[in-house]
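Colleague: my_file.csv is reproduced in full below (CSV, C-alpha atoms and all ligand atoms).
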```
chain,number,residue,atom,x,y,z
A,1,MET,CA,63.0,46.4,-31.6
A,2,PRO,CA,62.3,47.8,-28.1
A,3,GLN,CA,64.5,50.6,-26.9
A,4,ARG,CA,67.5,49.5,-24.7
A,5,VAL,CA,67.7,50.9,-21.2
A,6,VAL,CA,70.3,53.6,-20.6
A,7,LEU,CA,71.2,53.5,-16.9
A,8,PRO,CA,72.3,56.8,-15.3
A,9,GLN,CA,75.8,57.1,-14.0
A,10,THR,CA,74.7,59.2,-11.1
A,11,LEU,CA,71.5,60.5,-9.6
A,12,GLU,CA,73.0,63.6,-8.0
A,13,GLY,CA,70.4,66.4,-7.9
A,14,LYS,CA,67.5,63.9,-8.1
A,15,THR,CA,65.0,63.3,-5.3
A,16,ILE,CA,63.3,59.9,-4.8
A,17,LEU,CA,60.3,59.2,-2.5
A,18,ILE,CA,60.2,55.6,-1.2
A,19,ALA,CA,57.0,54.4,0.4
A,20,GLY,CA,57.7,51.5,2.7
A,21,ALA,CA,61.3,52.4,3.2
A,22,ALA,CA,61.7,50.3,6.4
A,23,GLY,CA,61.0,47.1,4.5
A,24,PHE,CA,63.9,44.8,3.5
A,25,VAL,CA,63.5,45.3,-0.3
A,26,PRO,CA,62.8,49.1,-0.2
A,27,SER,CA,65.6,49.8,2.3
A,28,THR,CA,68.0,48.0,0.0
A,29,ILE,CA,66.8,50.1,-2.9
A,30,ALA,CA,67.0,53.3,-0.8
A,31,GLU,CA,70.6,52.6,0.0
A,32,PHE,CA,71.4,51.8,-3.7
A,33,TYR,CA,70.0,55.2,-4.8
A,34,LEU,CA,71.7,57.1,-1.9
A,35,ASN,CA,75.0,55.6,-3.1
A,36,LEU,CA,74.2,56.8,-6.6
A,37,GLY,CA,73.9,60.4,-5.2
A,38,ALA,CA,70.2,60.8,-4.9
A,39,LYS,CA,68.3,62.4,-2.1
A,40,VAL,CA,65.9,59.8,-0.7
A,41,VAL,CA,62.8,60.5,1.4
A,42,GLY,CA,61.4,57.5,3.1
A,43,LEU,CA,57.9,56.8,4.5
A,44,ASP,CA,56.8,53.9,6.6
A,45,ASN,CA,54.3,53.1,9.4
A,46,PHE,CA,56.5,50.2,10.7
A,47,ILE,CA,53.6,47.7,10.5
A,48,THR,CA,56.0,45.2,9.1
A,49,GLY,CA,59.1,47.3,8.4
A,50,SER,CA,62.0,47.5,10.9
A,51,LYS,CA,63.3,50.6,12.7
A,52,SER,CA,66.8,49.1,12.3
A,53,ASN,CA,66.5,49.4,8.5
A,54,ILE,CA,65.8,53.1,8.9
A,55,GLU,CA,68.7,53.6,11.4
A,56,LEU,CA,71.0,52.1,8.7
A,57,LEU,CA,69.8,54.6,6.1
A,58,SER,CA,70.0,57.5,8.6
A,59,LYS,CA,73.8,57.5,8.4
A,60,TYR,CA,73.4,59.0,4.9
A,61,LYS,CA,73.1,62.8,5.0
A,62,ASN,CA,70.8,62.7,1.9
A,63,PHE,CA,68.2,60.5,3.7
A,64,GLU,CA,65.0,61.9,5.3
A,65,PHE,CA,62.3,59.8,7.0
A,66,THR,CA,58.7,60.5,8.1
A,67,GLU,CA,56.7,57.9,10.0
A,68,CYS,CA,53.2,57.9,8.5
A,69,ASN,CA,50.3,55.7,7.3
A,70,ILE,CA,50.3,56.6,3.6
A,71,TYR,CA,46.7,55.6,3.1
A,72,GLU,CA,45.5,58.1,5.7
A,73,GLY,CA,47.4,60.9,4.0
A,74,LEU,CA,50.9,61.9,2.9
A,75,PRO,CA,53.0,64.3,4.9
A,76,ASN,CA,53.3,67.9,3.9
A,77,PHE,CA,56.4,67.8,1.8
A,78,LYS,CA,56.7,71.6,1.7
A,79,ASP,CA,59.1,72.5,-1.1
A,80,LEU,CA,60.2,69.0,-2.0
A,81,LYS,CA,59.9,68.1,-5.6
A,82,PHE,CA,60.2,64.4,-6.4
A,83,ASP,CA,61.7,63.1,-9.6
A,84,TYR,CA,60.8,59.4,-8.8
A,85,ILE,CA,58.1,58.0,-6.6
A,86,LEU,CA,58.5,54.3,-5.7
A,87,SER,CA,55.3,52.6,-4.3
A,88,LEU,CA,56.9,49.8,-2.3
A,89,ALA,CA,54.7,49.9,0.9
A,90,SER,CA,52.9,46.6,1.4
A,91,PRO,CA,53.2,43.7,3.8
A,92,ALA,CA,54.0,40.7,1.6
A,93,SER,CA,54.3,37.6,3.7
A,94,PRO,CA,51.4,35.1,3.7
A,95,ILE,CA,51.4,35.3,7.6
A,96,ASP,CA,50.5,39.0,7.2
A,97,PHE,CA,47.5,38.1,5.0
A,98,SER,CA,45.5,36.6,7.9
A,99,GLU,CA,46.6,39.2,10.5
A,100,ILE,CA,46.4,42.5,8.7
A,101,PRO,CA,44.3,42.0,5.5
A,102,LEU,CA,42.6,45.4,5.7
A,103,GLU,CA,45.8,47.3,6.2
A,104,ILE,CA,47.2,45.5,3.1
A,105,MET,CA,44.1,46.3,1.0
A,106,ARG,CA,44.1,50.0,2.1
A,107,VAL,CA,47.8,50.6,1.4
A,108,ASN,CA,47.6,49.1,-2.1
A,109,SER,CA,44.4,51.0,-2.9
A,110,GLU,CA,44.1,54.3,-1.0
A,111,GLY,CA,47.9,54.5,-0.4
A,112,THR,CA,48.8,53.8,-4.0
A,113,LEU,CA,46.1,56.4,-5.1
A,114,LYS,CA,47.7,59.1,-2.9
A,115,LEU,CA,51.2,58.3,-4.4
A,116,LEU,CA,49.8,58.4,-8.0
A,117,GLU,CA,48.1,61.7,-7.3
A,118,LEU,CA,51.4,63.1,-6.1
A,119,ALA,CA,53.2,61.8,-9.1
A,120,ARG,CA,50.6,63.4,-11.4
A,121,ASP,CA,50.7,66.7,-9.6
A,122,GLN,CA,54.6,66.8,-9.4
A,123,LYS,CA,55.1,65.2,-12.9
A,124,ALA,CA,57.3,62.6,-11.2
A,125,ARG,CA,58.0,59.1,-12.7
A,126,PHE,CA,56.0,56.5,-10.7
A,127,LEU,CA,56.9,52.9,-10.0
A,128,GLU,CA,54.4,50.4,-8.6
A,129,ALA,CA,55.9,47.3,-7.0
A,130,SER,CA,53.4,44.6,-7.8
A,131,THR,CA,53.9,40.9,-7.4
A,132,SER,CA,53.9,37.5,-9.0
A,133,GLU,CA,50.9,36.9,-6.8
A,134,VAL,CA,48.8,38.6,-9.5
A,135,TYR,CA,49.2,35.4,-11.5
A,136,GLY,CA,47.6,33.5,-8.6
A,137,ASP,CA,48.0,29.7,-8.9
A,138,PRO,CA,49.3,29.9,-12.5
A,139,GLU,CA,48.1,27.6,-15.3
A,140,ILE,CA,51.0,28.5,-17.5
A,141,HIS,CA,54.6,28.0,-16.7
A,142,PRO,CA,56.9,29.9,-16.5
A,143,GLN,CA,54.8,33.0,-16.2
A,144,VAL,CA,54.9,35.6,-18.9
A,145,GLU,CA,53.6,39.2,-18.4
A,146,GLU,CA,50.7,38.7,-20.9
A,147,TYR,CA,49.2,35.9,-18.7
A,148,VAL,CA,46.2,37.4,-16.8
A,149,GLY,CA,46.3,35.0,-13.9
A,150,CYS,CA,44.2,32.5,-12.0
A,151,VAL,CA,43.3,34.3,-8.7
A,152,ASN,CA,40.7,33.3,-6.1
A,153,PRO,CA,39.0,36.7,-5.3
A,154,ILE,CA,37.8,35.5,-1.9
A,155,GLY,CA,40.5,33.2,-0.7
A,156,PRO,CA,43.0,33.9,2.2
A,157,ARG,CA,45.5,35.4,-0.2
A,158,SER,CA,43.0,37.6,-2.0
A,159,CYS,CA,43.6,40.7,0.2
A,160,TYR,CA,47.1,40.8,-1.3
A,161,ASP,CA,46.5,39.4,-4.8
A,162,GLU,CA,43.5,41.5,-5.5
A,163,SER,CA,44.7,44.7,-4.0
A,164,LYS,CA,47.9,44.4,-6.1
A,165,ARG,CA,45.8,43.7,-9.2
A,166,PHE,CA,43.8,46.9,-8.3
A,167,ALA,CA,47.1,48.8,-7.8
A,168,GLU,CA,48.2,47.8,-11.3
A,169,ALA,CA,44.9,48.8,-12.7
A,170,MET,CA,45.0,52.1,-11.0
A,171,THR,CA,48.6,52.7,-12.2
A,172,MET,CA,47.6,52.0,-15.8
A,173,SER,CA,44.5,54.2,-15.4
A,174,PHE,CA,46.6,57.2,-14.2
A,175,HIS,CA,48.9,56.6,-17.1
A,176,ARG,CA,46.1,56.4,-19.7
A,177,ARG,CA,43.9,59.2,-18.2
A,178,TYR,CA,46.6,61.7,-17.0
A,179,ASN,CA,49.7,60.5,-18.9
A,180,VAL,CA,51.6,59.9,-15.7
A,181,ASP,CA,55.0,58.4,-16.4
A,182,THR,CA,54.4,55.0,-14.8
A,183,ARG,CA,56.3,51.7,-14.5
A,184,ILE,CA,55.1,48.4,-13.0
A,185,ILE,CA,57.2,45.5,-11.7
A,186,ARG,CA,56.0,42.1,-10.7
A,187,ILE,CA,58.3,40.9,-7.9
A,188,PHE,CA,58.9,37.1,-7.6
A,189,ASN,CA,60.1,35.5,-4.4
A,190,THR,CA,62.9,37.5,-3.0
A,191,TYR,CA,65.1,37.0,0.1
A,192,GLY,CA,68.1,38.4,1.8
A,193,PRO,CA,69.5,40.4,4.7
A,194,ARG,CA,67.2,42.9,6.5
A,195,MET,CA,64.2,40.4,6.3
A,196,ARG,CA,62.4,39.9,9.6
A,197,PRO,CA,63.6,36.7,11.3
A,198,ASN,CA,60.0,35.9,12.1
A,199,ASP,CA,58.8,37.0,8.6
A,200,GLY,CA,57.1,33.6,8.1
A,201,ARG,CA,58.2,33.2,4.5
A,202,VAL,CA,60.0,30.1,3.6
A,203,ILE,CA,63.7,31.3,3.4
A,204,PRO,CA,63.8,33.1,6.8
A,205,ASN,CA,61.9,30.2,8.4
A,206,PHE,CA,64.2,27.5,7.0
A,207,ILE,CA,67.4,29.4,7.7
A,208,ASN,CA,66.5,30.1,11.3
A,209,GLN,CA,65.2,26.6,11.9
A,210,ALA,CA,68.4,25.2,10.3
A,211,MET,CA,70.7,27.4,12.4
A,212,ALA,CA,68.9,26.4,15.6
A,213,GLY,CA,68.9,22.7,14.7
A,214,GLU,CA,65.1,22.7,14.8
A,215,ASP,CA,62.9,20.7,12.5
A,216,ILE,CA,62.4,22.3,9.1
A,217,THR,CA,58.7,22.8,8.4
A,218,VAL,CA,57.8,21.9,4.9
A,219,TYR,CA,54.2,22.6,4.1
A,220,GLY,CA,52.4,20.0,2.0
A,221,ASP,CA,54.6,17.4,0.3
A,222,GLY,CA,57.2,20.0,-0.7
A,223,SER,CA,56.6,19.4,-4.4
A,224,GLN,CA,55.4,23.0,-5.0
A,225,THR,CA,58.0,25.2,-6.6
A,226,ARG,CA,59.3,28.8,-6.1
A,227,SER,CA,62.1,30.7,-7.9
A,228,PHE,CA,64.3,32.6,-5.4
A,229,CYS,CA,66.0,35.9,-6.1
A,230,TYR,CA,68.6,37.5,-3.9
A,231,VAL,CA,67.7,41.0,-2.9
A,232,THR,CA,70.6,42.9,-4.7
A,233,ASP,CA,69.7,41.1,-8.0
A,234,LEU,CA,66.1,42.3,-7.5
A,235,VAL,CA,67.4,45.9,-7.0
A,236,ASP,CA,69.3,45.6,-10.3
A,237,ALA,CA,66.1,44.5,-12.1
A,238,ILE,CA,64.0,47.3,-10.6
A,239,HIS,CA,66.7,49.9,-11.5
A,240,ASN,CA,66.5,48.6,-15.1
A,241,VAL,CA,62.7,48.9,-15.2
A,242,LEU,CA,62.7,52.4,-13.7
A,243,PHE,CA,65.0,53.6,-16.4
A,244,SER,CA,63.2,51.8,-19.3
A,245,GLU,CA,60.5,53.6,-21.3
A,246,ILE,CA,57.9,50.9,-21.0
A,247,HIS,CA,54.7,51.3,-19.0
A,248,THR,CA,53.4,47.7,-19.0
A,249,PRO,CA,54.5,45.3,-16.3
A,250,PHE,CA,57.9,43.5,-16.1
A,251,ASN,CA,58.6,40.3,-14.2
A,252,CYS,CA,61.5,40.8,-11.8
A,253,GLY,CA,63.3,37.9,-10.2
A,254,ASN,CA,65.5,34.9,-10.7
A,255,PRO,CA,64.3,32.0,-12.8
A,256,ASP,CA,66.2,29.3,-10.8
A,257,GLU,CA,63.3,27.1,-9.7
A,258,TYR,CA,63.3,24.8,-6.6
A,259,THR,CA,60.8,22.5,-5.1
A,260,ILE,CA,60.3,23.5,-1.5
A,261,LYS,CA,61.6,20.1,-0.4
A,262,LYS,CA,64.8,20.7,-2.4
A,263,CYS,CA,65.0,24.2,-1.0
A,264,ALA,CA,65.0,22.7,2.6
A,265,GLU,CA,67.6,20.1,1.6
A,266,GLU,CA,69.9,22.8,0.1
A,267,ILE,CA,69.6,25.1,3.2
A,268,ILE,CA,70.4,22.1,5.5
A,269,LYS,CA,73.5,21.3,3.3
A,270,VAL,CA,74.8,24.9,2.9
A,271,LEU,CA,74.5,25.7,6.6
A,272,GLY,CA,75.8,22.3,7.7
A,273,SER,CA,72.8,21.8,9.9
A,274,SER,CA,71.6,18.6,11.7
A,275,SER,CA,67.9,19.6,11.3
A,276,LYS,CA,65.4,17.1,9.9
A,277,ILE,CA,62.5,17.9,7.6
A,278,ILE,CA,59.0,17.5,8.9
A,279,TYR,CA,55.8,17.9,6.9
A,280,MET,CA,52.9,20.2,7.9
A,281,PRO,CA,49.5,21.0,6.2
A,282,LEU,CA,49.7,23.0,3.0
A,283,PRO,CA,48.0,26.4,3.4
A,284,GLU,CA,44.9,27.0,1.4
A,285,ASP,CA,45.4,28.4,-2.2
A,286,ASP,CA,49.2,27.9,-2.0
A,287,PRO,CA,50.4,28.3,-5.6
A,288,LYS,CA,51.8,25.0,-7.0
A,289,LYS,CA,54.5,26.5,-9.1
A,290,ARG,CA,56.1,29.8,-9.8
A,291,ARG,CA,58.9,30.9,-12.1
A,292,PRO,CA,59.4,34.2,-14.0
A,293,ASN,CA,59.9,34.3,-17.7
A,294,LEU,CA,62.4,37.2,-17.9
A,295,ASN,CA,62.5,37.7,-21.7
A,296,LYS,CA,60.8,41.1,-21.6
A,297,LEU,CA,63.3,42.6,-19.2
A,298,GLN,CA,66.2,40.9,-20.8
A,299,SER,CA,65.1,42.2,-24.3
A,300,ILE,CA,65.7,45.8,-23.1
A,301,SER,CA,68.6,45.4,-20.6
A,302,ASP,CA,71.6,43.4,-19.6
A,303,TYR,CA,69.8,42.1,-16.5
A,304,LYS,CA,71.0,38.8,-15.2
A,305,PRO,CA,70.8,37.5,-11.6
A,306,LYS,CA,74.4,37.2,-10.2
A,307,VAL,CA,74.0,35.8,-6.7
A,308,SER,CA,73.7,32.0,-6.5
A,309,PHE,CA,71.2,30.4,-4.1
A,310,GLU,CA,74.1,29.0,-2.0
A,311,GLU,CA,75.8,32.4,-1.7
A,312,GLY,CA,72.5,34.2,-1.0
A,313,ILE,CA,71.6,31.7,1.7
A,314,LYS,CA,75.1,32.1,3.3
A,315,ARG,CA,74.8,35.9,3.3
A,316,THR,CA,71.3,35.9,4.7
A,317,ALA,CA,72.3,33.4,7.4
A,318,GLU,CA,75.2,35.7,8.4
A,319,TYR,CA,72.7,38.6,8.7
A,320,PHE,CA,70.4,36.6,11.0
A,321,LYS,CA,73.4,35.5,13.1
A,322,SER,CA,74.4,39.2,13.5
A,323,LEU,CA,71.0,40.0,15.0
A,324,LYS,CA,71.5,37.4,17.8
B,1,LIG,N1,56.6,27.2,3.1
B,1,LIG,C1,57.0,26.0,3.8
B,1,LIG,N2,57.4,26.1,5.1
B,1,LIG,C2,57.5,27.3,5.7
B,1,LIG,C3,57.1,28.5,5.0
B,1,LIG,C4,56.6,28.4,3.7
B,1,LIG,O1,56.9,24.9,3.2
B,1,LIG,O2,57.9,27.4,6.9
B,1,LIG,C5,56.1,27.0,1.7
B,1,LIG,C6,54.8,27.7,1.4
B,1,LIG,O3,53.7,26.8,1.7
B,1,LIG,C7,54.9,28.0,-0.1
B,1,LIG,C8,56.4,28.3,-0.3
B,1,LIG,O4,57.1,27.7,0.9
B,1,LIG,O5,54.6,26.8,-0.9
B,1,LIG,C9,56.7,29.7,-0.3
B,1,LIG,O6,56.1,30.4,0.8
B,1,LIG,P1,56.3,31.9,1.2
B,1,LIG,O7,55.5,32.1,2.4
B,1,LIG,O8,57.8,32.1,1.3
B,1,LIG,O9,55.8,32.8,0.0
B,1,LIG,P2,54.7,32.6,-1.2
B,1,LIG,O10,55.6,32.3,-2.4
B,1,LIG,O11,53.8,31.4,-0.9
B,1,LIG,O12,54.0,33.9,-1.2
```
Take the structure from the file and write it as structure tokens.

Modeller:
Amino acid sequence: MPQRVVLPQTLEGKTILIAGAAGFVPSTIAEFYLNLGAKVVGLDNFITGSKSNIELLSKYKNFEFTECNIYEGLPNFKDLKFDYILSLASPASPIDFSEIPLEIMRVNSEGTLKLLELARDQKARFLEASTSEVYGDPEIHPQVEEYVGCVNPIGPRSCYDESKRFAEAMTMSFHRRYNVDTRIIRIFNTYGPRMRPNDGRVIPNFINQAMAGEDITVYGDGSQTRSFCYVTDLVDAIHNVLFSEIHTPFNCGNPDEYTIKKCAEEIIKVLGSSSKIIYMPLPEDDPKKRRPNLNKLQSISDYKPKVSFEEGIKRTAEYFKSLK
């Protein structure tokens, strides 16, 4: 029987480095750990992260931030000693893949390398935020962690898929070669407040189109599936993995699976929108289905997603409204 996770009641006295802190998932994790009493040091180059997410965190006296490109070098941390290093700095929207592919490859290779070296030198626990994209266009469904994937190494998504696969390989190599205390998570589709309204991913697109009464742009025939996790549920999953004792990857997400057409219909209904669905070309290599098998995480923890799709969509729409 695997050992059950014991979650800490407080993280007072602990220091956490969060690379990519201006992103919507990392900034939500940062706030969660600040509320548990940790000191949090954030890094970001704002290539896709938002200054407003850092302003939000800056109201906590235990938060520090340095603007930097981690793949060009980490700041001089002087006397700071990190207990946990979270590697969460990567653009993750398919629209980023065509615009900034080399930045994505560099942060997941050179950037992750620098964070792993720091974890080794400081004897910190290290967590790599990988992705369901390592499974590519999966041939088995739902996806289990043992599945090694079906990835096109030269396709338009390869800058992300392959660099995250590399980041996982490097994380395991640092664990095997230097005994670094590593964790790997594979994040499935996640949404929620603090996303960029123009993020390009399906949920922000559909919510903003629905709120404006514009056409909802379904790519392909909308039969492809995704399983959507609300951001606070993802934070809960990550927290459980960080405090587990297992070095191999964990799927993190919500197994509720929707076709993209159904997702559009639900968002129209929940937001009471008059928008109509239109169909546009399917991007190359768009995965046909995606759903996490969560047995591994649930065998060691009480993890269970709590926020329904309807509630999550309402909360995310409220956030986008508040920006206007
Ligand atoms: N998608 C869509 N309309 C949009 C944006 C995305 O139909 O305006 C589809 C996209 O083709 C994919 C799914 O929604 O099948 C999820 O896309 P997203 O960009 O959110 O992330 P992915 O899971 O593909 O990385």

Colleague: Return the single residue from A:Ile16, A:Met170, A:Leu102, A:Leu43 that is closest to Asn62 in chain A, with distances computed using all atoms listed in the file.

Modeller: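 Counting all atoms listed in the file, the residue closest to Asn62 in chain A is A:Ile16.
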
Colleague: Within 6 Å of (48.9, 44.8, 3.8) (file coordinates; only C-alpha atoms), which protein or nucleic acid residues are there? I'd like them as a ChimeraX atom specification.

Modeller: /A:90-91,100-101,103-105

Colleague: Which residues are near ligand LIG 1 (chain B) in this structure, taking near to mean any atom at most 6 Å from a ligand atom and counting all atoms listed in the file? Format them as number ranges by chain.

Modeller: A: 93-94, 189, 200-202, 205, 217-219, 224, 260, 282-283, 286

Colleague: Counting all atoms listed in the file, which residues have an atom no more than 6 Å from (62.6, 60.0, -1.2) in the file's coordinates? Please list them as a PDB file with C-alpha atoms, in the frame of the given file.

Modeller:
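out21.pdb, freshly written:
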```pdb
ATOM      1  CA  THR A  15      65.000  63.300  -5.300  1.00  0.00           C
ATOM      2  CA  ILE A  16      63.300  59.900  -4.800  1.00  0.00           C
ATOM      3  CA  LEU A  17      60.300  59.200  -2.500  1.00  0.00           C
ATOM      4  CA  ILE A  18      60.200  55.600  -1.200  1.00  0.00           C
ATOM      5  CA  VAL A  40      65.900  59.800  -0.700  1.00  0.00           C
ATOM      6  CA  VAL A  41      62.800  60.500   1.400  1.00  0.00           C
ATOM      7  CA  GLY A  42      61.400  57.500   3.100  1.00  0.00           C
TER       8      GLY A  42
END
```

Colleague: Would you list the contacts of Asp44 in chain A as JSON, numbers by chain, taking every protein, DNA or RNA residue within 7 Å and counting only C-alpha atoms, but skipping same-chain residues closer than 2 positions in sequence?

Modeller: {"A": [19, 20, 21, 22, 42, 46, 67, 68, 69]}

Colleague: For a test of reading the model, state the distance in Å between CA of Gln143 in chain A and CA of Arg290 in chain A, rounded to one decimal.

Modeller: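 Value for the CA of Gln143 in chain A-CA of Arg290 in chain A distance: 7.3 Å.
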
Colleague: With a distance cut-off of 12 Å and only C-alpha atoms, select the neighbouring residues of Lys114 in chain A, excluding the residue or stretch itself and same-chain residues fewer than 5 positions from it, and output the selection as a PyMOL selection string.

Modeller: chain A and resi 19+69-75+85+87+106-109+119-121+126+167+170-171+174

Colleague: Keeping only C-alpha atoms, write the selected residues to a file as a compact mmCIF listing (two decimals), in the coordinates of the input.

Modeller:
```txt
# COMPACT_ATOMS: atom_id res chain seq x y z
CA ALA A 19 57.00 54.40 0.40
CA ASN A 69 50.30 55.70 7.30
CA ILE A 70 50.30 56.60 3.60
CA TYR A 71 46.70 55.60 3.10
CA GLU A 72 45.50 58.10 5.70
CA GLY A 73 47.40 60.90 4.00
CA LEU A 74 50.90 61.90 2.90
CA PRO A 75 53.00 64.30 4.90
CA ILE A 85 58.10 58.00 -6.60
CA SER A 87 55.30 52.60 -4.30
CA ARG A 106 44.10 50.00 2.10
CA VAL A 107 47.80 50.60 1.40
CA ASN A 108 47.60 49.10 -2.10
CA SER A 109 44.40 51.00 -2.90
CA ALA A 119 53.20 61.80 -9.10
CA ARG A 120 50.60 63.40 -11.40
CA ASP A 121 50.70 66.70 -9.60
CA PHE A 126 56.00 56.50 -10.70
CA ALA A 167 47.10 48.80 -7.80
CA MET A 170 45.00 52.10 -11.00
CA THR A 171 48.60 52.70 -12.20
CA PHE A 174 46.60 57.20 -14.20
```

Colleague: Interatomic distance between CA of Arg291 in chain A and CA of Ala89 in chain A?

Modeller: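 Separation between CA of Arg291 in chain A and CA of Ala89 in chain A: 23.4 Å.
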
Colleague: So what do you get for CA of Tyr319 in chain A versus CA of Val25 in chain A, distance-wise?

Modeller: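 Spanning CA of Tyr319 in chain A to CA of Val25 in chain A is a straight-line distance of 14.5 Å.
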
Colleague: Could you tell me which of A:Lys306, A:Lys296, A:Arg4, A:His239 comes closest to Asp256 in chain A if we count all atoms listed in the file?

Modeller: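 That would be A:Lys306, the residue with the smallest distance to Asp256 in chain A.
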
Colleague: For a quick check of understanding, using all atoms listed in the file, which of A:Arg186, A:Lys262, A:Lys324, A:Arg177 has the smallest distance to Leu88 in chain A?

Modeller: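 When distances to Leu88 in chain A are compared using all atoms listed in the file, the smallest one comes from A:Arg186.
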